[in-house]
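Trainee: One file: entry.cif (mmCIF, C-alpha atoms and all ligand atoms).
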```cif
data_data
#
loop_
_atom_site.group_PDB
_atom_site.id
_atom_site.type_symbol
_atom_site.label_atom_id
_atom_site.label_comp_id
_atom_site.auth_asym_id
_atom_site.auth_seq_id
_atom_site.Cartn_x
_atom_site.Cartn_y
_atom_site.Cartn_z
ATOM 1 C CA MET A 429 102.649 142.078 55.889
ATOM 2 C CA LEU A 430 103.408 138.384 56.151
ATOM 3 C CA GLU A 431 101.065 136.723 53.688
ATOM 4 C CA ARG A 432 101.966 133.080 53.714
ATOM 5 C CA ILE A 433 103.656 131.369 56.621
ATOM 6 C CA LEU A 434 104.487 127.698 56.151
ATOM 7 C CA SER A 435 105.272 125.545 59.134
ATOM 8 C CA VAL A 436 105.733 121.936 60.133
ATOM 9 C CA LYS A 437 106.157 120.460 63.579
ATOM 10 C CA TYR A 438 107.530 117.087 64.495
ATOM 11 C CA THR A 439 108.462 115.063 67.575
ATOM 12 C CA GLU A 440 110.035 111.656 67.954
ATOM 13 C CA ALA A 441 110.954 109.682 71.067
ATOM 14 C CA GLY A 442 114.643 109.070 71.589
ATOM 15 C CA GLU A 443 116.223 105.626 71.580
ATOM 16 C CA TYR A 444 116.466 105.353 75.361
ATOM 17 C CA HIS A 445 112.848 106.370 75.852
ATOM 18 C CA ARG A 446 111.645 103.996 73.134
ATOM 19 C CA ILE A 447 113.486 101.026 74.633
ATOM 20 C CA ASN A 448 112.026 101.803 78.054
ATOM 21 C CA GLY A 449 108.502 102.386 76.779
ATOM 22 C CA VAL A 450 108.554 106.095 77.664
ATOM 23 C CA GLU A 451 106.781 108.515 75.332
ATOM 24 C CA CYS A 452 108.536 111.473 73.765
ATOM 25 C CA GLN A 453 108.772 114.307 76.299
ATOM 26 C CA ASP A 454 109.246 117.047 73.734
ATOM 27 C CA HIS A 455 106.110 118.954 72.844
ATOM 28 C CA VAL A 456 105.493 121.381 69.962
ATOM 29 C CA GLU A 457 102.575 123.679 69.176
ATOM 30 C CA VAL A 458 101.733 126.216 66.509
ATOM 31 C CA PHE A 459 98.960 128.806 66.595
ATOM 32 C CA GLU A 460 97.900 131.101 63.777
ATOM 33 C CA ASP A 461 95.107 133.577 63.058
ATOM 34 C CA GLU A 462 94.841 136.768 60.952
ATOM 35 C CA GLU A 463 96.915 138.762 63.422
ATOM 36 C CA MET A 464 99.577 136.455 64.764
ATOM 37 C CA PHE A 465 101.661 133.353 64.249
ATOM 38 C CA ILE A 466 103.127 131.673 67.348
ATOM 39 C CA ALA A 467 105.345 128.573 67.488
ATOM 40 C CA VAL A 468 106.309 127.047 70.845
ATOM 41 C CA LEU A 469 108.528 124.103 71.732
ATOM 42 C CA SER A 470 109.136 122.628 75.171
ATOM 43 C CA ASP A 471 111.417 119.775 76.201
ATOM 44 C CA GLY A 472 110.252 117.998 79.357
ATOM 45 C CA ILE A 473 113.132 117.350 81.736
ATOM 46 C CA GLY A 474 113.685 113.612 81.384
ATOM 47 C CA SER A 475 114.283 112.733 85.015
ATOM 48 C CA LEU A 476 110.936 114.172 86.142
ATOM 49 C CA SER A 477 107.781 112.015 86.156
ATOM 50 C CA ASN A 478 105.495 114.770 84.865
ATOM 51 C CA ALA A 479 107.877 116.126 82.240
ATOM 52 C CA LEU A 480 105.558 115.703 79.261
ATOM 53 C CA LEU A 481 102.565 117.125 81.108
ATOM 54 C CA SER A 482 104.695 120.168 81.977
ATOM 55 C CA ALA A 483 105.811 120.588 78.370
ATOM 56 C CA GLN A 484 102.228 120.419 77.081
ATOM 57 C CA CYS A 485 100.916 122.899 79.644
ATOM 58 C CA THR A 486 103.889 125.198 79.011
ATOM 59 C CA CYS A 487 103.275 125.307 75.248
ATOM 60 C CA LYS A 488 99.552 126.024 75.609
ATOM 61 C CA SER A 489 100.125 128.650 78.306
ATOM 62 C CA ALA A 490 102.895 130.333 76.317
ATOM 63 C CA ILE A 491 100.587 130.708 73.310
ATOM 64 C CA THR A 492 97.778 132.224 75.424
ATOM 65 C CA CYS A 493 100.180 134.571 77.143
ATOM 66 C CA LEU A 494 102.089 135.678 74.029
ATOM 67 C CA TYR A 495 98.860 136.231 72.128
ATOM 68 C CA ASN A 496 97.504 138.572 74.750
ATOM 69 C CA TYR A 497 100.742 140.233 75.757
ATOM 70 C CA ASN A 498 102.045 143.550 74.522
ATOM 71 C CA LEU A 499 105.147 142.421 72.658
ATOM 72 C CA GLY A 500 106.391 145.996 72.555
ATOM 73 C CA PHE A 501 107.391 145.779 76.228
ATOM 74 C CA SER A 502 111.052 145.488 77.201
ATOM 75 C CA PRO A 503 112.663 142.019 76.991
ATOM 76 C CA GLU A 504 112.857 141.876 80.818
ATOM 77 C CA THR A 505 109.146 142.643 81.154
ATOM 78 C CA ILE A 506 108.210 140.060 78.516
ATOM 79 C CA ALA A 507 110.392 137.411 80.220
ATOM 80 C CA GLU A 508 108.787 138.128 83.591
ATOM 81 C CA GLY A 509 105.273 138.183 82.159
ATOM 82 C CA VAL A 510 105.679 134.909 80.238
ATOM 83 C CA VAL A 511 107.431 133.067 83.058
ATOM 84 C CA ASP A 512 104.936 134.264 85.717
ATOM 85 C CA TYR A 513 101.945 133.247 83.627
ATOM 86 C CA ILE A 514 103.296 129.790 82.756
ATOM 87 C CA GLN A 515 104.428 129.102 86.336
ATOM 88 C CA GLN A 516 100.960 129.984 87.579
ATOM 89 C CA GLN A 517 99.342 127.633 85.028
ATOM 90 C CA LEU A 518 101.727 124.803 85.964
ATOM 91 C CA LEU A 519 101.063 125.246 89.666
ATOM 92 C CA GLU A 520 97.309 125.252 89.081
ATOM 93 C CA LEU A 521 97.667 122.065 87.044
ATOM 94 C CA ALA A 522 99.692 120.476 89.856
ATOM 95 C CA VAL A 523 96.892 121.229 92.328
ATOM 96 C CA GLN A 524 94.235 119.960 89.925
ATOM 97 C CA LYS A 525 96.109 116.701 89.173
ATOM 98 C CA GLU A 526 97.306 116.312 92.773
ATOM 99 C CA ILE A 527 100.940 116.080 91.763
ATOM 100 C CA SER A 528 104.003 117.738 93.216
ATOM 101 C CA PRO A 529 105.451 120.699 91.298
ATOM 102 C CA GLU A 530 108.811 119.061 92.004
ATOM 103 C CA THR A 531 107.898 116.379 89.454
ATOM 104 C CA MET A 532 107.375 119.057 86.803
ATOM 105 C CA GLY A 533 109.869 120.930 84.662
ATOM 106 C CA CYS A 534 110.657 121.740 81.071
ATOM 107 C CA THR A 535 112.442 124.143 78.756
ATOM 108 C CA LEU A 536 110.795 126.737 76.516
ATOM 109 C CA ALA A 537 111.564 128.109 73.060
ATOM 110 C CA PHE A 538 109.197 130.316 71.108
ATOM 111 C CA VAL A 539 108.733 132.771 68.315
ATOM 112 C CA ALA A 540 105.731 135.115 68.216
ATOM 113 C CA LEU A 541 105.131 137.009 64.974
ATOM 114 C CA LYS A 542 102.875 139.951 64.290
ATOM 115 C CA LYS A 543 101.759 139.339 60.727
ATOM 116 C CA ARG A 544 100.832 142.956 59.970
ATOM 117 C CA THR A 545 104.198 144.473 60.880
ATOM 118 C CA GLY A 546 106.519 141.494 60.512
ATOM 119 C CA GLU A 547 107.821 141.988 64.047
ATOM 120 C CA ALA A 548 108.991 138.847 65.823
ATOM 121 C CA VAL A 549 109.843 138.178 69.444
ATOM 122 C CA MET A 550 112.023 135.138 70.165
ATOM 123 C CA GLY A 551 112.463 133.542 73.566
ATOM 124 C CA SER A 552 114.540 130.685 74.945
ATOM 125 C CA LEU A 553 114.813 129.161 78.371
ATOM 126 C CA GLY A 554 117.042 126.161 78.948
ATOM 127 C CA ASP A 555 118.801 124.275 76.183
ATOM 128 C CA SER A 556 116.035 124.369 73.576
ATOM 129 C CA ALA A 557 116.937 126.668 70.706
ATOM 130 C CA VAL A 558 115.318 129.224 68.441
ATOM 131 C CA CYS A 559 117.279 129.895 65.258
ATOM 132 C CA VAL A 560 116.615 132.989 63.180
ATOM 133 C CA LEU A 561 117.672 132.202 59.627
ATOM 134 C CA SER A 562 118.566 135.070 57.336
ATOM 135 C CA ASN A 563 121.223 135.763 54.717
ATOM 136 C CA ASP A 564 121.528 139.079 56.504
ATOM 137 C CA GLY A 565 122.772 137.391 59.717
ATOM 138 C CA SER A 566 121.520 134.210 61.394
ATOM 139 C CA HIS A 567 121.422 133.651 65.127
ATOM 140 C CA VAL A 568 120.783 130.874 67.664
ATOM 141 C CA TYR A 569 119.082 131.703 70.974
ATOM 142 C CA SER A 570 119.669 128.977 73.546
ATOM 143 C CA ASN A 571 120.656 129.690 77.118
ATOM 144 C CA TYR A 572 122.802 126.716 77.910
ATOM 145 C CA TYR A 573 124.891 127.635 80.922
ATOM 146 C CA GLY A 574 127.356 124.815 81.088
ATOM 147 C CA GLY A 575 127.662 121.607 83.042
ATOM 148 C CA SER A 576 124.680 119.312 83.195
ATOM 149 C CA ALA A 577 122.172 121.905 84.426
ATOM 150 C CA THR A 578 119.211 122.640 82.207
ATOM 151 C CA GLY A 579 117.200 125.764 82.839
ATOM 152 C CA SER A 580 113.565 124.974 83.573
ATOM 153 C CA ILE A 581 110.440 127.130 83.560
ATOM 154 C CA LEU A 582 109.825 126.426 87.256
ATOM 155 C CA ASP A 583 113.299 127.581 88.345
ATOM 156 C CA ALA A 584 113.290 130.560 90.696
ATOM 157 C CA ASP A 585 115.611 132.410 88.306
ATOM 158 C CA ALA A 586 113.711 131.418 85.134
ATOM 159 C CA ALA A 587 112.708 134.980 84.177
ATOM 160 C CA SER A 588 116.212 136.365 84.606
ATOM 161 C CA THR A 589 117.887 133.544 82.636
ATOM 162 C CA MET A 590 115.395 133.576 79.777
ATOM 163 C CA LEU A 591 116.742 135.041 76.554
ATOM 164 C CA ILE A 592 114.357 137.421 74.787
ATOM 165 C CA ASP A 593 115.089 139.291 71.603
ATOM 166 C CA ARG A 594 113.107 140.893 68.829
ATOM 167 C CA ILE A 595 113.636 141.416 65.148
ATOM 168 C CA ASN A 596 111.760 142.916 62.234
ATOM 169 C CA THR A 597 111.603 140.009 59.796
ATOM 170 C CA GLY A 598 111.077 142.297 56.796
ATOM 171 C CA GLU A 599 113.941 144.677 57.516
ATOM 172 C CA ARG A 600 116.306 141.805 58.213
ATOM 173 C CA ASP A 601 115.141 139.612 55.319
ATOM 174 C CA VAL A 602 114.392 136.671 57.603
ATOM 175 C CA LEU A 603 113.681 133.514 55.585
ATOM 176 C CA GLY A 604 112.395 131.596 58.570
ATOM 177 C CA PHE A 605 112.926 130.093 61.986
ATOM 178 C CA VAL A 606 113.852 126.691 63.313
ATOM 179 C CA LEU A 607 112.918 125.787 66.890
ATOM 180 C CA CYS A 608 114.452 122.585 68.199
ATOM 181 C CA SER A 609 115.156 120.626 71.348
ATOM 182 C CA ASP A 610 118.681 119.523 72.270
ATOM 183 C CA GLY A 611 117.962 116.258 70.422
ATOM 184 C CA LEU A 612 119.103 118.106 67.297
ATOM 185 C CA GLU A 613 122.177 119.626 68.861
ATOM 186 C CA ASN A 614 125.183 119.218 66.537
ATOM 187 C CA GLU A 615 122.810 119.135 63.591
ATOM 188 C CA ILE A 616 121.268 122.608 63.656
ATOM 189 C CA TYR A 617 123.445 124.271 66.293
ATOM 190 C CA ILE A 618 126.252 123.506 68.722
ATOM 191 C CA LYS A 619 125.597 123.839 72.431
ATOM 192 C CA GLY A 620 126.794 127.255 73.602
ATOM 193 C CA SER A 621 127.118 128.611 70.073
ATOM 194 C CA THR A 622 125.156 131.522 68.653
ATOM 195 C CA ALA A 623 125.736 130.627 64.995
ATOM 196 C CA PRO A 624 123.569 127.974 63.339
ATOM 197 C CA LEU A 625 125.433 125.152 61.617
ATOM 198 C CA LYS A 626 125.639 125.006 57.836
ATOM 199 C CA SER A 627 123.212 122.074 57.896
ATOM 200 C CA ALA A 628 120.469 124.426 59.170
ATOM 201 C CA GLU A 629 120.117 125.488 55.528
ATOM 202 C CA PHE A 630 118.531 122.169 54.715
ATOM 203 C CA TYR A 631 115.621 122.781 57.064
ATOM 204 C CA ILE A 632 114.604 126.009 55.337
ATOM 205 C CA ASN A 633 115.681 125.495 51.731
ATOM 206 C CA GLY A 634 113.651 122.369 51.053
ATOM 207 C CA PHE A 635 110.433 124.066 52.074
ATOM 208 C CA GLU A 636 107.866 124.320 49.293
ATOM 209 C CA THR A 637 104.835 122.670 50.823
ATOM 210 C CA GLU A 638 104.164 121.318 54.274
ATOM 211 C CA GLU A 639 103.822 117.742 52.963
ATOM 212 C CA LYS A 640 107.119 117.943 51.114
ATOM 213 C CA GLU A 641 108.894 119.354 54.149
ATOM 214 C CA MET A 642 107.492 116.699 56.462
ATOM 215 C CA GLY A 643 108.786 114.015 54.075
ATOM 216 C CA LEU A 644 112.254 115.597 53.918
ATOM 217 C CA LEU A 645 112.340 116.020 57.688
ATOM 218 C CA GLU A 646 111.404 112.412 58.434
ATOM 219 C CA THR A 647 114.025 111.153 55.978
ATOM 220 C CA ARG A 648 116.693 113.435 57.440
ATOM 221 C CA ILE A 649 115.995 112.452 61.045
ATOM 222 C CA ALA A 650 115.949 108.749 60.164
ATOM 223 C CA HIS A 651 119.306 109.293 58.428
ATOM 224 C CA LEU A 652 120.809 111.098 61.456
ATOM 225 C CA LYS A 653 119.712 108.337 63.789
ATOM 226 C CA SER A 654 121.146 105.612 61.549
ATOM 227 C CA GLN A 655 124.464 107.422 60.968
ATOM 228 C CA GLN A 656 125.360 108.324 64.526
ATOM 229 C CA PRO A 657 123.304 106.351 67.011
ATOM 230 C CA ASP A 658 125.231 107.767 69.954
ATOM 231 C CA GLN A 659 124.717 111.380 68.994
ATOM 232 C CA PHE A 660 121.046 111.529 68.007
ATOM 233 C CA ASP A 661 119.338 109.271 70.508
ATOM 234 C CA ASP A 662 117.568 111.945 72.607
ATOM 235 C CA ASP A 663 113.958 112.939 72.095
ATOM 236 C CA ILE A 664 113.685 115.143 69.051
ATOM 237 C CA GLY A 665 111.308 118.084 68.752
ATOM 238 C CA ILE A 666 111.400 120.569 65.903
ATOM 239 C CA ILE A 667 109.267 123.293 64.349
ATOM 240 C CA ILE A 668 110.250 124.778 61.002
ATOM 241 C CA VAL A 669 108.730 128.110 60.011
ATOM 242 C CA LYS A 670 109.214 129.544 56.531
ATOM 243 C CA LEU A 671 108.275 133.174 55.931
ATOM 244 C CA ASN A 672 109.791 134.087 52.608
ATOM 245 C CA GLU A 673 110.914 132.661 49.299
ATOM 246 C CA GLY A 674 114.627 132.456 48.666
ATOM 247 C CA LYS A 675 117.449 130.138 49.642
ATOM 248 C CA LEU A 676 119.480 130.398 52.793
ATOM 249 C CA SER A 677 123.245 130.332 52.362
ATOM 250 C CA LEU A 678 125.151 130.161 55.648
ATOM 251 C CA PRO A 679 128.921 130.701 55.747
ATOM 252 C CA ASP A 680 131.169 127.654 55.693
ATOM 253 C CA GLU A 681 131.991 126.335 59.103
ATOM 254 C CA PRO A 682 135.411 126.165 60.692
ATOM 255 C CA THR A 683 136.955 122.720 60.418
ATOM 256 C CA TRP A 684 139.931 120.998 62.039
ATOM 257 C CA LEU A 685 142.624 119.311 60.028
ATOM 258 C CA CYS A 686 143.819 115.853 60.993
ATOM 259 C CA THR A 687 147.385 114.646 60.529
ATOM 260 C CA CYS A 688 146.044 112.206 57.911
ATOM 261 C CA GLY A 689 144.926 115.197 55.805
ATOM 262 C CA ALA A 690 141.182 114.805 56.418
ATOM 263 C CA ARG A 691 139.082 117.785 57.412
ATOM 264 C CA ASN A 692 136.538 117.317 60.158
ATOM 265 C CA SER A 693 133.638 119.440 61.308
ATOM 266 C CA ILE A 694 134.235 121.132 64.655
ATOM 267 C CA GLN A 695 131.591 119.055 66.395
ATOM 268 C CA GLN A 696 133.554 115.878 65.655
ATOM 269 C CA THR A 697 135.998 114.749 68.307
ATOM 270 C CA TYR A 698 137.433 111.897 66.252
ATOM 271 C CA CYS A 699 138.722 112.082 62.704
ATOM 272 C CA GLU A 700 136.135 110.763 60.289
ATOM 273 C CA ARG A 701 138.797 109.029 58.186
ATOM 274 C CA CYS A 702 141.358 107.646 60.665
ATOM 275 C CA GLN A 703 139.611 107.964 64.060
ATOM 276 C CA LYS A 704 142.463 109.971 65.646
ATOM 277 C CA ASP A 705 141.384 111.998 68.634
ATOM 278 C CA PHE A 706 141.355 115.782 68.112
ATOM 279 C CA SER A 707 142.302 116.471 71.709
ATOM 280 C CA VAL A 708 145.336 114.169 71.438
ATOM 281 C CA ILE A 709 146.542 115.631 68.131
ATOM 282 C CA TYR A 710 146.195 119.210 69.390
ATOM 283 C CA ARG A 711 147.108 118.630 73.015
ATOM 284 C CA GLY A 712 148.742 121.662 74.588
ATOM 285 C CA ILE A 713 148.276 123.859 71.551
ATOM 286 C CA ARG A 714 146.252 127.004 72.023
ATOM 287 C CA PHE A 715 144.341 128.386 69.107
ATOM 288 C CA LYS A 716 141.662 130.973 68.675
ATOM 289 C CA SER A 717 138.553 129.788 70.399
ATOM 290 C CA TYR A 718 135.273 129.223 68.618
ATOM 291 C CA ASP A 719 132.325 129.209 70.995
ATOM 292 C CA ASP A 720 132.792 126.241 73.304
ATOM 293 C CA LYS A 721 135.498 124.535 71.207
ATOM 294 C CA ARG A 722 139.056 125.138 72.332
ATOM 295 C CA ALA A 723 140.551 125.206 68.892
ATOM 296 C CA TYR A 724 139.613 125.481 65.300
ATOM 297 C CA PHE A 725 140.965 126.055 61.841
ATOM 298 C CA LEU A 726 139.489 128.017 59.053
ATOM 299 C CA ASN A 727 140.177 126.627 55.607
ATOM 300 C CA GLU A 728 142.404 129.541 54.632
ATOM 301 C CA ASN A 729 144.742 129.468 57.648
ATOM 302 C CA GLN A 730 145.173 125.743 57.985
ATOM 303 C CA LYS A 731 148.887 125.812 57.123
ATOM 304 C CA GLU A 732 149.968 128.403 59.665
ATOM 305 C CA ASN A 733 148.054 126.717 62.466
ATOM 306 C CA HIS A 734 148.692 123.115 61.673
ATOM 307 C CA PRO A 735 151.422 121.477 63.748
ATOM 308 C CA ASP A 736 154.144 119.885 61.637
ATOM 309 C CA SER A 737 154.459 116.788 63.738
ATOM 310 C CA VAL A 738 152.468 115.037 66.384
HETATM 311 ZN ZN ZN A 801 142.625 111.509 60.312
#
```
Show me, as structure tokens, the structure contained in the file I just sent.
Mentor:
Amino acid sequence: MLERILSVKYTEAGEYHRINGVECQDHVEVFEDEEMFIAVLSDGIGSLSNALLSAQCTCKSAITCLYNYNLGFSPETIAEGVVDYIQQQLLELAVQKEISPETMGCTLAFVALKKRTGEAVMGSLGDSAVCVLSNDGSHVYSNYYGGSATGSILDADAASTMLIDRINTGERDVLGFVLCSDGLENEIYIKGSTAPLKSAEFYINGFETEEKEMGLLETRIAHLKSQQPDQFDDDIGIIIVKLNEGKLSLPDEPTWLCTCGARNSIQQTYCERCQKDFSVIYRGIRFKSYDDKRAYFLNENQKENHPDSV
């Protein structure tokens, strides 16, 4: 029985949208009663004129559908049921507002929890992510499929590309979930990766009260935007859900070693200390692959993998 679920949700317009007077197109919603807790995030596809409207309708529809759906069905059946219901709601909205469905589109990420049993169903469509955070094995669900394409709820193949999984939060000692849009890529997860980044710890471990977490979150996001303006200038949407006490401790991440001796996180292309380009230093050298990165070094095998000269 899940007694006390803490959650905060937050959205912020990206730099480009702010400059151009466009509102944030990420939308987040949380629903809770005695039986269920549902968190839903949707990132409106930026190039479409009714992106935000789509994201709002998608979140509301997903909550209605997940609340009434039998979550014991197979993942394929859940994906079809959720996608069909949301598509129908979006198309009805298009008729009602007299807009073209071609101007609508958004991603979807959700977690639906049965409080009595602790069972959770996670879903992801497009490049928005759901992270399950547990010392017993953390996981990122995000169905990025390369290139510039983003899966959208109105795609013909939406149900078949949607990732659905389930977990018993009690059996797997799940501390919580983080749902986020691609605005927090390289902070909480790396595109294409299934392992959350070490920094995902921060979003669960600071959680004592909702007010405290909101304060920490705002400070962290302001910090990210000031540190790397090029990397964190998309719309940001995030929902943090904390189920249990306890601190998350994720394994250390692989790093790459620069010729100057500095270690850099694998999401960095340029050396933090001397600005050398990773792909120039390691040109033509094949290492073990790590998700979408061509090469990496673990701390313990740096010597055997490191080239002597460049
Ligand atoms: Zn360097």
Trainee: Nearest residue to Ala586 (chain A) out of A:Glu504, A:Glu613, A:Asp663, A:Asp680, using all atoms listed in the file?
Mentor: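 Ranking A:Glu504, A:Glu613, A:Asp663, A:Asp680 by distance to Ala586 (chain A), first place goes to A:Glu504.
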Trainee: Exactly which residues make up the result of the PyMOL selection byres (((chain A and resi 542) around 10) and not hetatm) on this file, given as a compact mmCIF listing (two decimals) with C-alpha atoms, in the frame of the given file?
Mentor:
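Writing done, so here's expr_6.txt:
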```txt
# COMPACT_ATOMS: atom_id res chain seq x y z
CA MET A 429 102.65 142.08 55.89
CA LEU A 430 103.41 138.38 56.15
CA GLU A 462 94.84 136.77 60.95
CA GLU A 463 96.92 138.76 63.42
CA MET A 464 99.58 136.46 64.76
CA PHE A 465 101.66 133.35 64.25
CA ILE A 466 103.13 131.67 67.35
CA TYR A 495 98.86 136.23 72.13
CA LEU A 499 105.15 142.42 72.66
CA ALA A 540 105.73 135.12 68.22
CA LEU A 541 105.13 137.01 64.97
CA LYS A 543 101.76 139.34 60.73
CA ARG A 544 100.83 142.96 59.97
CA THR A 545 104.20 144.47 60.88
CA GLY A 546 106.52 141.49 60.51
CA GLU A 547 107.82 141.99 64.05
CA ALA A 548 108.99 138.85 65.82
CA VAL A 549 109.84 138.18 69.44
CA ASN A 596 111.76 142.92 62.23
CA THR A 597 111.60 140.01 59.80
```
Trainee: How many Å lie between CA of Cys559 (chain A) and CA of Phe538 (chain A), rounded to one decimal?
Mentor: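 Taking CA of Cys559 (chain A) and CA of Phe538 (chain A), their separation equals 10.0 Å.
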Trainee: Would you list the residues that come within 12 Å of ligand ZN 801 (chain A)? Count all atoms listed in the file and give the answer as a ChimeraX atom specification.
Mentor: /A:684-692,696-706,708-709
Trainee: Which residue out of A:Leu644, A:Ile664, A:Leu582, A:Leu612 has the minimum interatomic distance to Ser482 (chain A) when only C-alpha atoms are used?
Mentor: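 The shortest atom-to-atom distance to Ser482 (chain A) comes from A:Leu582.
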Trainee: Could you tell me which residues the PyMOL selection byres (((chain A and resi 618) around 12) and not hetatm) grabs in this file, written as number ranges by chain?
Mentor: A: 555-557, 559, 567-572, 608-617, 619-628, 681, 693-696, 718-721
